[in-house]
Each structure stands twice: as C-alpha cells, then as structure tokens.
$ cat my_file11.pdb   # PDB, C-alpha atoms
ATOM      1  CA  MET A   1       3.162  12.843  51.943
ATOM      2  CA  ALA A   2       6.303  14.037  53.658
ATOM      3  CA  ALA A   3       7.885  11.887  56.323
ATOM      4  CA  THR A   4       7.313  12.937  59.894
ATOM      5  CA  GLY A   5       9.920  14.508  62.099
ATOM      6  CA  SER A   6      10.114  11.477  64.372
ATOM      7  CA  ASP A   7      10.735   9.182  61.382
ATOM      8  CA  CYS A   8      13.576  11.411  60.245
ATOM      9  CA  GLY A   9      15.172  11.356  63.636
ATOM     10  CA  THR A  10      15.739   7.622  63.433
ATOM     11  CA  GLY A  11      17.812   7.791  60.292
ATOM     12  CA  GLY A  12      18.064   7.022  56.616
ATOM     13  CA  THR A  13      16.006   5.705  53.790
ATOM     14  CA  MET A  14      16.271   2.084  54.791
ATOM     15  CA  LYS A  15      14.063   2.897  57.779
ATOM     16  CA  HIS A  16      11.339   4.150  55.432
ATOM     17  CA  PRO A  17      10.132   1.050  53.633
ATOM     18  CA  LEU A  18       7.546   2.999  51.609
ATOM     19  CA  GLN A  19      10.239   5.330  50.324
ATOM     20  CA  LEU A  20      12.381   2.386  49.307
ATOM     21  CA  ILE A  21       9.455   0.675  47.565
ATOM     22  CA  VAL A  22       8.601   3.861  45.641
ATOM     23  CA  ARG A  23      12.241   4.252  44.601
ATOM     24  CA  LEU A  24      12.298   0.678  43.344
ATOM     25  CA  ILE A  25       9.032   1.109  41.408
ATOM     26  CA  VAL A  26      10.110   4.348  39.698
ATOM     27  CA  ALA A  27      13.587   2.950  38.990
ATOM     28  CA  GLY A  28      12.078  -0.261  37.590
ATOM     29  CA  VAL A  29       9.769   1.548  35.190
ATOM     30  CA  PHE A  30      12.534   3.886  33.982
ATOM     31  CA  LEU A  31      15.003   1.024  33.583
ATOM     32  CA  PHE A  32      12.525  -1.083  31.608
ATOM     33  CA  ALA A  33      11.462   1.831  29.390
ATOM     34  CA  GLY A  34      15.047   2.912  28.704
ATOM     35  CA  SER A  35      16.405  -0.573  28.034
ATOM     36  CA  GLN A  36      13.631  -1.282  25.499
ATOM     37  CA  LYS A  37      14.621   1.760  23.433
ATOM     38  CA  VAL A  38      18.326   2.360  23.900
ATOM     39  CA  PHE A  39      19.421   0.130  20.998
ATOM     40  CA  ASN A  40      16.363   0.790  18.796
ATOM     41  CA  THR A  41      16.992   4.467  18.169
ATOM     42  CA  LEU A  42      15.502   4.769  14.690
ATOM     43  CA  ALA A  43      12.270   2.995  15.659
ATOM     44  CA  PHE A  44      11.988   5.235  18.730
ATOM     45  CA  ALA A  45      12.728   8.333  16.601
ATOM     46  CA  GLU A  46       9.805   7.327  14.353
ATOM     47  CA  ALA A  47       7.603   6.893  17.433
ATOM     48  CA  ILE A  48       8.527  10.428  18.559
ATOM     49  CA  GLY A  49       7.872  11.612  14.997
ATOM     50  CA  ARG A  50       4.252  10.436  15.284
ATOM     51  CA  TYR A  51       3.693  13.193  17.866
ATOM     52  CA  GLN A  52       4.415  15.691  15.066
ATOM     53  CA  LEU A  53       6.192  18.129  17.393
ATOM     54  CA  LEU A  54       9.832  18.124  16.282
ATOM     55  CA  PRO A  55      11.823  18.129  13.029
ATOM     56  CA  ASP A  56      13.751  14.992  11.987
ATOM     57  CA  TRP A  57      16.972  16.020  13.700
ATOM     58  CA  GLY A  58      15.018  16.770  16.906
ATOM     59  CA  ASN A  59      13.361  13.348  16.856
ATOM     60  CA  LEU A  60      16.692  11.623  16.315
ATOM     61  CA  SER A  61      18.429  13.705  19.016
ATOM     62  CA  LEU A  62      15.732  12.967  21.556
ATOM     63  CA  ALA A  63      15.655   9.275  20.606
ATOM     64  CA  SER A  64      19.436   9.125  21.117
ATOM     65  CA  ILE A  65      19.420  10.788  24.516
ATOM     66  CA  LEU A  66      16.117  10.005  26.257
ATOM     67  CA  PRO A  67      16.590   6.234  26.794
ATOM     68  CA  ALA A  68      20.061   6.890  28.237
ATOM     69  CA  ILE A  69      18.615   9.522  30.593
ATOM     70  CA  GLU A  70      15.933   7.061  31.725
ATOM     71  CA  ILE A  71      18.551   4.393  32.458
ATOM     72  CA  VAL A  72      20.863   6.835  34.282
ATOM     73  CA  VAL A  73      17.938   8.133  36.375
ATOM     74  CA  ALA A  74      16.926   4.551  37.203
ATOM     75  CA  ILE A  75      20.438   3.638  38.364
ATOM     76  CA  ALA A  76      20.813   6.908  40.315
ATOM     77  CA  LEU A  77      17.520   6.218  42.108
ATOM     78  CA  LEU A  78      19.138   3.123  43.571
ATOM     79  CA  LEU A  79      22.263   4.941  44.815
ATOM     80  CA  PRO A  80      22.216   6.415  48.359
ATOM     81  CA  ARG A  81      23.755   9.819  47.609
ATOM     82  CA  TRP A  82      22.186  10.338  44.200
ATOM     83  CA  TRP A  83      18.567   9.317  44.406
ATOM     84  CA  ARG A  84      17.175  12.704  45.387
ATOM     85  CA  ALA A  85      18.716  14.326  42.313
ATOM     86  CA  ALA A  86      17.295  11.436  40.291
ATOM     87  CA  ALA A  87      13.864  12.098  41.823
ATOM     88  CA  LEU A  88      14.136  15.736  40.715
ATOM     89  CA  LEU A  89      14.969  14.600  37.174
ATOM     90  CA  GLY A  90      12.043  12.163  37.400
ATOM     91  CA  ILE A  91       9.743  15.095  38.189
ATOM     92  CA  ALA A  92      11.053  17.006  35.164
ATOM     93  CA  LEU A  93      10.815  14.020  32.802
ATOM     94  CA  ASN A  94       7.330  12.952  33.828
ATOM     95  CA  SER A  95       6.037  16.528  33.704
ATOM     96  CA  VAL A  96       7.256  16.824  30.102
ATOM     97  CA  PHE A  97       5.823  13.392  29.222
ATOM     98  CA  ALA A  98       2.432  14.337  30.681
ATOM     99  CA  VAL A  99       2.286  17.636  28.748
ATOM    100  CA  VAL A 100       3.299  15.969  25.454
ATOM    101  CA  LEU A 101       0.793  13.127  25.905
ATOM    102  CA  LEU A 102      -1.946  15.572  26.797
ATOM    103  CA  SER A 103      -1.182  17.660  23.702
ATOM    104  CA  ALA A 104      -1.371  14.537  21.513
ATOM    105  CA  MET A 105      -4.755  13.634  23.031
ATOM    106  CA  ILE A 106      -6.080  17.171  22.556
ATOM    107  CA  ARG A 107      -4.940  17.146  18.902
ATOM    108  CA  GLY A 108      -6.884  13.907  18.397
ATOM    109  CA  LEU A 109      -3.830  11.800  17.525
ATOM    110  CA  SER A 110      -4.533   8.094  17.779
ATOM    111  CA  ILE A 111      -0.999   6.793  18.181
ATOM    112  CA  ASP A 112       1.040   4.370  20.205
ATOM    113  CA  CYS A 113       2.900   6.320  22.934
ATOM    114  CA  GLY A 114       6.252   4.719  22.083
ATOM    115  CA  CYS A 115       7.058   4.562  25.806
ATOM    116  CA  PHE A 116       8.453   1.039  25.672
ATOM    117  CA  GLY A 117       9.897   0.950  22.166
ATOM    118  CA  SER A 118       7.767  -1.348  20.067
ATOM    119  CA  THR A 119       4.047  -1.390  20.625
ATOM    120  CA  ALA A 120       2.861  -2.845  23.919
ATOM    121  CA  GLY A 121      -0.921  -2.964  23.474
ATOM    122  CA  LEU A 122      -3.028  -1.332  26.150
ATOM    123  CA  TRP A 123       0.064  -0.213  28.069
ATOM    124  CA  SER A 124       1.070   1.936  25.102
ATOM    125  CA  THR A 125      -2.136   3.880  24.527
ATOM    126  CA  LEU A 126      -2.012   7.615  25.166
ATOM    127  CA  ALA A 127      -4.506   7.390  28.047
ATOM    128  CA  ALA A 128      -2.555   4.629  29.800
ATOM    129  CA  ALA A 129       0.709   6.497  29.231
ATOM    130  CA  LEU A 130      -0.740   9.716  30.675
ATOM    131  CA  LEU A 131      -1.998   7.831  33.718
ATOM    132  CA  ARG A 132       1.425   6.230  34.161
ATOM    133  CA  ALA A 133       3.283   9.540  33.756
ATOM    134  CA  THR A 134       0.989  11.175  36.319
ATOM    135  CA  GLY A 135       1.516   8.316  38.762
ATOM    136  CA  LEU A 136       5.298   8.425  38.329
ATOM    137  CA  LEU A 137       5.221  12.210  38.707
ATOM    138  CA  GLY A 138       3.386  11.802  42.020
ATOM    139  CA  MET A 139       5.890   9.197  43.200
ATOM    140  CA  SER A 140       8.878  11.345  42.181
ATOM    141  CA  LEU A 141       7.371  14.312  44.020
ATOM    142  CA  TYR A 142       6.846  12.140  47.089
ATOM    143  CA  LEU A 143      10.491  11.054  47.034
ATOM    144  CA  PHE A 144      11.793  14.575  46.545
ATOM    145  CA  LEU A 145       9.615  16.191  49.211
ATOM    146  CA  SER A 146       9.907  13.467  51.829
ATOM    147  CA  GLU A 147      13.698  13.595  51.805
ATOM    148  CA  GLU A 148      13.684  17.404  51.932
ATOM    149  CA  SER A 149      11.561  17.395  55.079
ATOM    150  CA  CYS A 150      13.953  14.898  56.651
ATOM    151  CA  GLN A 151      16.943  17.135  56.016
ATOM    152  CA  GLU A 152      15.317  20.250  57.412
TER     153      GLU A 152
ATOM    154  CA  MET B   1      19.834  22.787  46.621
ATOM    155  CA  ARG B   2      22.988  23.831  44.742
ATOM    156  CA  LYS B   3      24.539  20.423  45.324
ATOM    157  CA  LEU B   4      21.355  18.818  44.054
ATOM    158  CA  LEU B   5      21.375  20.841  40.838
ATOM    159  CA  ILE B   6      25.039  19.987  40.264
ATOM    160  CA  GLN B   7      24.194  16.308  40.699
ATOM    161  CA  CYS B   8      21.310  16.652  38.206
ATOM    162  CA  ALA B   9      23.617  18.344  35.700
ATOM    163  CA  LEU B  10      26.186  15.567  36.113
ATOM    164  CA  LEU B  11      23.561  12.855  35.587
ATOM    165  CA  VAL B  12      22.202  14.549  32.481
ATOM    166  CA  THR B  13      25.712  15.109  31.078
ATOM    167  CA  LEU B  14      26.568  11.452  31.650
ATOM    168  CA  ALA B  15      23.340  10.324  29.969
ATOM    169  CA  VAL B  16      23.752  12.654  26.980
ATOM    170  CA  ALA B  17      27.360  11.527  26.463
ATOM    171  CA  ALA B  18      26.368   7.844  26.712
ATOM    172  CA  GLY B  19      23.375   8.319  24.407
ATOM    173  CA  LEU B  20      25.396  10.121  21.739
ATOM    174  CA  LEU B  21      28.212   7.573  21.983
ATOM    175  CA  ILE B  22      25.842   4.606  21.615
ATOM    176  CA  ASN B  23      24.162   6.250  18.628
ATOM    177  CA  ALA B  24      27.247   7.633  16.885
ATOM    178  CA  GLY B  25      26.645   5.165  14.039
ATOM    179  CA  HIS B  26      23.117   6.456  13.419
ATOM    180  CA  TRP B  27      24.295  10.057  13.311
ATOM    181  CA  PHE B  28      27.071   9.121  10.875
ATOM    182  CA  ASN B  29      24.593   7.317   8.591
ATOM    183  CA  CYS B  30      22.061  10.142   8.766
ATOM    184  CA  ALA B  31      24.741  12.698   7.888
ATOM    185  CA  ARG B  32      25.498  10.724   4.714
ATOM    186  CA  GLN B  33      21.897  10.061   3.696
ATOM    187  CA  ALA B  34      18.738  11.812   4.836
ATOM    188  CA  CYS B  35      16.952  10.018   7.676
ATOM    189  CA  SER B  36      13.249  10.688   7.866
ATOM    190  CA  THR B  37      11.449  10.136  11.150
ATOM    191  CA  GLN B  38       8.249  11.925  10.140
ATOM    192  CA  PRO B  39       5.157   9.932   9.273
ATOM    193  CA  GLU B  40       4.274  10.772   5.679
ATOM    194  CA  ALA B  41       1.323   9.677   3.600
ATOM    195  CA  SER B  42       3.687   8.454   0.873
ATOM    196  CA  GLU B  43       5.122   5.895   3.301
ATOM    197  CA  PHE B  44       1.784   4.112   3.438
ATOM    198  CA  LEU B  45       2.022   1.170   1.069
ATOM    199  CA  PRO B  46      -0.918  -1.185   1.623
ATOM    200  CA  VAL B  47      -0.711  -4.754   0.386
ATOM    201  CA  PRO B  48      -3.640  -5.846  -1.847
ATOM    202  CA  VAL B  49      -5.036  -9.308  -1.070
ATOM    203  CA  GLU B  50      -7.554 -11.708  -2.654
ATOM    204  CA  ALA B  51     -10.593 -13.381  -1.071
ATOM    205  CA  SER B  52      -8.737 -16.668  -0.536
ATOM    206  CA  GLN B  53      -6.072 -14.827   1.461
ATOM    207  CA  VAL B  54      -8.792 -13.151   3.551
ATOM    208  CA  VAL B  55     -10.216 -16.596   4.393
ATOM    209  CA  GLU B  56      -6.785 -17.770   5.527
ATOM    210  CA  TRP B  57      -6.362 -14.509   7.445
ATOM    211  CA  TYR B  58      -9.512 -14.891   9.547
ATOM    212  CA  GLN B  59      -8.974 -18.621  10.029
ATOM    213  CA  GLN B  60      -5.603 -17.741  11.559
ATOM    214  CA  LYS B  61      -7.472 -15.271  13.813
ATOM    215  CA  HIS B  62      -5.611 -12.226  12.508
ATOM    216  CA  LEU B  63      -7.187  -8.777  12.757
ATOM    217  CA  ILE B  64      -9.780  -7.700  10.169
ATOM    218  CA  VAL B  65     -11.376  -4.234  10.137
ATOM    219  CA  ASP B  66     -14.601  -3.323   8.353
ATOM    220  CA  ALA B  67     -14.441   0.312   7.184
ATOM    221  CA  ARG B  68     -18.112   0.520   6.110
ATOM    222  CA  SER B  69     -20.903   2.147   8.122
ATOM    223  CA  GLU B  70     -22.219   0.525  11.328
ATOM    224  CA  GLU B  71     -25.522  -0.249   9.574
ATOM    225  CA  ALA B  72     -23.803  -2.073   6.710
ATOM    226  CA  TYR B  73     -21.665  -3.948   9.240
ATOM    227  CA  ALA B  74     -24.748  -5.021  11.222
ATOM    228  CA  GLU B  75     -26.410  -6.378   8.055
ATOM    229  CA  GLY B  76     -23.431  -8.598   7.343
ATOM    230  CA  HIS B  77     -19.652  -8.650   7.565
ATOM    231  CA  ILE B  78     -16.642 -10.922   7.157
ATOM    232  CA  PRO B  79     -16.342 -13.252  10.194
ATOM    233  CA  THR B  80     -14.302 -11.857  13.146
ATOM    234  CA  ALA B  81     -14.107  -8.370  11.573
ATOM    235  CA  LEU B  82     -14.213  -5.337  13.879
ATOM    236  CA  SER B  83     -16.161  -2.260  12.843
ATOM    237  CA  ALA B  84     -14.277   1.028  12.340
ATOM    238  CA  PRO B  85     -16.311   3.179   9.933
ATOM    239  CA  ARG B  86     -14.446   5.935   8.100
ATOM    240  CA  GLY B  87     -14.434   9.111  10.216
ATOM    241  CA  ASP B  88     -15.397   7.347  13.476
ATOM    242  CA  ARG B  89     -12.422   8.212  15.677
ATOM    243  CA  ARG B  90     -13.811   6.416  18.710
ATOM    244  CA  ALA B  91     -14.150   3.135  16.837
ATOM    245  CA  LEU B  92     -10.679   3.604  15.379
ATOM    246  CA  ALA B  93      -9.211   4.266  18.840
ATOM    247  CA  LYS B  94     -10.881   1.071  20.108
ATOM    248  CA  VAL B  95      -9.194  -0.963  17.373
ATOM    249  CA  VAL B  96      -5.842   0.656  18.137
ATOM    250  CA  ASP B  97      -6.239   0.121  21.884
ATOM    251  CA  CYS B  98      -7.144  -3.529  21.589
ATOM    252  CA  CYS B  99      -4.999  -4.698  18.748
ATOM    253  CA  VAL B 100      -2.053  -2.465  17.859
ATOM    254  CA  LEU B 101       0.252  -5.086  19.373
ATOM    255  CA  GLN B 102      -0.668  -7.424  16.505
ATOM    256  CA  GLU B 103       1.001  -4.932  14.115
ATOM    257  CA  GLN B 104      -0.845  -6.376  11.072
ATOM    258  CA  VAL B 105      -4.354  -5.551   9.952
ATOM    259  CA  LEU B 106      -6.572  -6.329   6.967
ATOM    260  CA  VAL B 107      -9.116  -3.670   5.982
ATOM    261  CA  TYR B 108     -12.044  -3.838   3.570
ATOM    262  CA  CYS B 109     -15.097  -1.814   2.581
ATOM    263  CA  SER B 110     -17.976  -2.248   0.099
ATOM    264  CA  GLY B 111     -15.990  -3.085  -3.023
ATOM    265  CA  GLU B 112     -13.527  -1.828  -5.585
ATOM    266  CA  GLN B 113     -15.293   1.526  -5.961
ATOM    267  CA  CYS B 114     -15.024   2.578  -2.306
ATOM    268  CA  GLU B 115     -11.997   4.299  -0.761
ATOM    269  CA  ASP B 116     -12.942   3.811   2.895
ATOM    270  CA  SER B 117     -10.653   0.806   3.384
ATOM    271  CA  PHE B 118      -7.703   2.829   2.081
ATOM    272  CA  VAL B 119      -8.494   5.837   4.319
ATOM    273  CA  VAL B 120      -9.037   3.742   7.467
ATOM    274  CA  GLY B 121      -5.986   1.616   6.587
ATOM    275  CA  GLU B 122      -3.842   4.734   6.368
ATOM    276  CA  GLU B 123      -5.111   5.962   9.749
ATOM    277  CA  LEU B 124      -4.323   2.579  11.308
ATOM    278  CA  PHE B 125      -0.861   2.715   9.725
ATOM    279  CA  HIS B 126      -0.174   6.107  11.301
ATOM    280  CA  ALA B 127      -1.559   4.830  14.607
ATOM    281  CA  GLY B 128       1.168   2.200  14.740
ATOM    282  CA  PHE B 129       0.140  -0.784  12.615
ATOM    283  CA  ILE B 130       3.144  -1.798  10.575
ATOM    284  CA  THR B 131       1.518  -3.876   7.830
ATOM    285  CA  VAL B 132      -1.834  -2.953   6.325
ATOM    286  CA  LEU B 133      -3.527  -5.324   3.881
ATOM    287  CA  ILE B 134      -6.425  -4.115   1.745
ATOM    288  CA  TYR B 135      -9.087  -6.467   0.389
ATOM    289  CA  GLU B 136     -10.024  -4.420  -2.656
ATOM    290  CA  GLY B 137     -12.823  -6.747  -3.749
ATOM    291  CA  GLY B 138     -14.547  -5.846  -0.513
ATOM    292  CA  PHE B 139     -17.779  -7.172   0.912
ATOM    293  CA  ALA B 140     -19.499  -7.231  -2.522
ATOM    294  CA  GLU B 141     -17.004  -9.767  -3.911
ATOM    295  CA  TRP B 142     -17.097 -11.701  -0.629
ATOM    296  CA  GLN B 143     -20.860 -12.164  -0.947
ATOM    297  CA  GLN B 144     -20.650 -12.982  -4.678
ATOM    298  CA  GLN B 145     -18.294 -15.842  -3.865
ATOM    299  CA  GLY B 146     -20.772 -17.203  -1.320
ATOM    300  CA  LEU B 147     -18.311 -17.030   1.560
ATOM    301  CA  THR B 148     -19.368 -17.103   5.223
ATOM    302  CA  VAL B 149     -21.043 -13.939   6.490
ATOM    303  CA  GLU B 150     -21.542 -12.923  10.115
ATOM    304  CA  ARG B 151     -24.382 -10.628  11.164
ATOM    305  CA  GLY B 152     -24.860  -8.346  14.149
ATOM    306  CA  ALA B 153     -24.074  -4.887  15.481
ATOM    307  CA  PRO B 154     -20.508  -4.026  16.525
TER     308      PRO B 154
END

$ encode --input "my_file11.pdb" --output "structure tokens"
Amino acid sequence: MAATGSDCGTGGTMKHPLQLIVRLIVAGVFLFAGSQKVFNTLAFAEAIGRYQLLPDWGNLSLASILPAIEIVVAIALLLPRWWRAAALLGIALNSVFAVVLLSAMIRGLSIDCGCFGSTAGLWSTLAAALLRATGLLGMSLYLFLSEESCQE
Amino acid sequence: MRKLLIQCALLVTLAVAAGLLINAGHWFNCARQACSTQPEASEFLPVPVEASQVVEWYQQKHLIVDARSEEAYAEGHIPTALSAPRGDRRALAKVVDCCVLQEQVLVYCSGEQCEDSFVVGEELFHAGFITVLIYEGGFAEWQQQGLTVERGAP
C-alpha cells in the first residue's frame, strides 16, 4: 500500500492522485457525518445512549465533542502540512467506531448507528456502519503509511 | 513522530474547544434540569389507533408490522403489513434495516388480549422508530369488520 521510492523522489501529494482521492473521500465522509450532528447534540446524545455504554453525562460530552472532531479532521485532511496528523486521528476514530459497533452487534442491539445524525436507512444499520468504519480505517492507514514511507 | 503527535493534540484541543463552545447552551440547560439520554422503557408511549385509521395508514403506504407468528401471518394479514413475530430478532432487524428511515410504524397482533404488538412496538421504538402506533383491536377486529385481508408467507 505504501508509495514506492521512485514515486517519492518526484515530490509531494499532488503527484499521487490515489492519495489525493483517498484524502478527499475520507474528508468528505467525516465532513458530512460531523455537519449532520454538530447542531443536533441532544438527538446525537440519545443515539449514543442507545449503545448503552456510557452514563448521561458521557453521552452528552461525546455528542458535544465528536462532531467537532470529525469536522476538524476533515478540514485538516485537506491541508498540506496537517493531513498526516489527521490521518492518524482518523485511524484512532475509526478503530474506536469499529469496536463500539462490533460490541453492539455482539450484544444483539438492533439500533440505528447514529453516524449521520437522524436515521439514514440502510446506511445507518450497524452492519453498514461497521463496513464503512473498516473501509475508512483502511484508507486512513493507507494515507498514514504511504506518507511515512515517502519521508524515510 | 513527535511533531505529528503535537499536531494531533492541537487538532483535538481545537475540536474539543469548538464542540464545548457550540454546545455551551445544552450544558447550561442540563445543569439546571436533568437531561436523560438513556433509552428507558417508560419513554415508550405508543399511540392507540382504530381500524379506520389503519385503513388510511395502509392506503398512504405507511409501514405496518404484524407481530403474530409467521403461520398466522401466512393465513391472513392486513394488506402491506410486514411480518416481525415477537422474539424473532432477524425479522425485526429486517424491518429496521428496510424502514427505520420512515420513523413511524403501526403494529398489531391477534386482538386486545395479546401483548405482542406492544412488545414488538417497544423494540422498534428502541431501534430508532420515533412514533409507534398500536392497533389494539388487532387482526380479530379487522376480520370482524370485513376489511381486506392479504394472504401469503412473509
């Protein structure tokens, strides 16, 4: 998945169209997810509450912070000097999402994932959300590792 | 790597500050009066409906769920109803997957004596449906009134 040495020799991200496309995809998903929830905190807190993992104050804290983190990560992914840090945060976020979704599936919860605020049909089922989180995790890993190999 | 971690910390700090600032109003309100974000059984308040409202409901192509057994469903059910027998998690997940976006659902079972519509309705409520209507008269009253019946397995 890492870029080759010869690719790195010719310069920056703009010369790696795949890298740019992956950055745009991950940023787009994070931006959409964050913007759908950032001003609907109480509804999102209730969605987190359906996972039955945190107390009320935990649900409200997470609902206050998580959409803002998603938006900040999305914007940082589009900035030249910041996108690798954003990719690292993307790895952390999607790993946590995947574990939480998996735990909900194992516990037999039949809930909407709450990923995009209000319900979004098939896109919001736990299985679809887990698939999406895994895909985004793979893309974030690709971004993080490909840039590292270019620097070394 | 150190620079990268510092950048991550800065991004997270910025996001946390922005998130708390945007939601300062919610925190202020919740400090004054308890805010519950936990799903509780007491929050489930189904709306009882009559047969005439069920007719309007299916004519408008809204979601109807039959909480009786698959066999009872196959022998006859309200037109357009989906089958989600009580205790059948797979059938319930199918209903949630296909239709949770509609946010409203009408549930019925055999009649006024059965509780299946209430139990399935509560599960659908916790799965994300916002409004749950219960046809308490159930399939028995539906048949008594000579209303249209559909037959066939789910």

$ interface_residues --input "my_file11.pdb" --of "chain A" --to "chain B" --cutoff "9 Å" --atoms "all atoms listed in the file" --output "ChimeraX atom specification"
/A:38-39,41-43,45-50,52,54-57,59-61,63-73,76,82,84-86,88-89,108-112,118-125

$ atom_distance --input "my_file11.pdb" --atom1 "atom CA of Phe30 of chain A" --atom2 "atom CA of Ala74 of chain A"
5.5 Å

$ resolve_selection --input "my_file11.pdb" --expression "the PyMOL selection byres ((chain A and resi 18-27) around 7)" --output "PyMOL selection string"
chain A and resi 13-14+16-17+28-31+74-75+77+136+139+143

$ residues_around --input "my_file11.pdb" --residues "Gln113 of chain B" --least-positions-apart "4" --cutoff "10 Å" --atoms "all atoms listed in the file" --output "list in words"
Cys109, Glu136, Gly137 and Gly138 of chain B

$ closest_residue --input "my_file11.pdb" --among "A:Pro80, A:Gly90, A:Gly58, A:Gly34" --to "Leu141 of chain A" --atoms "all atoms listed in the file"
A:Gly90

$ axis_aligned_box --input "my_file11.pdb" --around "segment 52-70 of chain B" --padding-each-side "8 Å" --output "lines of an AutoDock Vina configuration file"
center_x = -13.9
center_y = -8.2
center_z = 6.6
size_x = 32.6
size_y = 36.8
size_z = 30.3

$ resolve_selection --input "my_file11.pdb" --expression "the PyMOL selection byres ((chain B and resi 49-51) around 9)" --output "JSON, numbers by chain"
{"B": [47, 48, 52, 53, 54, 55, 56, 106, 133, 134, 135, 136, 137, 138, 141, 142, 145, 147]}

$ residues_around --input "my_file11.pdb" --residues "Thr148 of chain B" --least-positions-apart "5" --cutoff "10 Å" --atoms "all atoms listed in the file" --output "list in words"
Val55, Gly76, His77, Ile78, Pro79, Trp142 and Gln143 of chain B

$ atom_distance --input "my_file11.pdb" --atom1 "atom CA of Ala129 of chain A" --atom2 "atom CA of Tyr142 of chain A"
19.7 Å

$ residues_around --input "my_file11.pdb" --residues "segment 60-69 of chain B" --least-positions-apart "3" --cutoff "6 Å" --atoms "all atoms listed in the file" --output "PyMOL selection string"
chain B and resi 57+72+81-86+105-109+116-117

$ residues_around --input "my_file11.pdb" --residues "Phe97 of chain A" --least-positions-apart "4" --cutoff "7 Å" --atoms "all atoms listed in the file" --output "ChimeraX atom specification"
/A:93,101,133

$ atom_distance --input "my_file11.pdb" --atom1 "atom CA of Val99 of chain A" --atom2 "atom CA of Thr134 of chain A"
10.0 Å
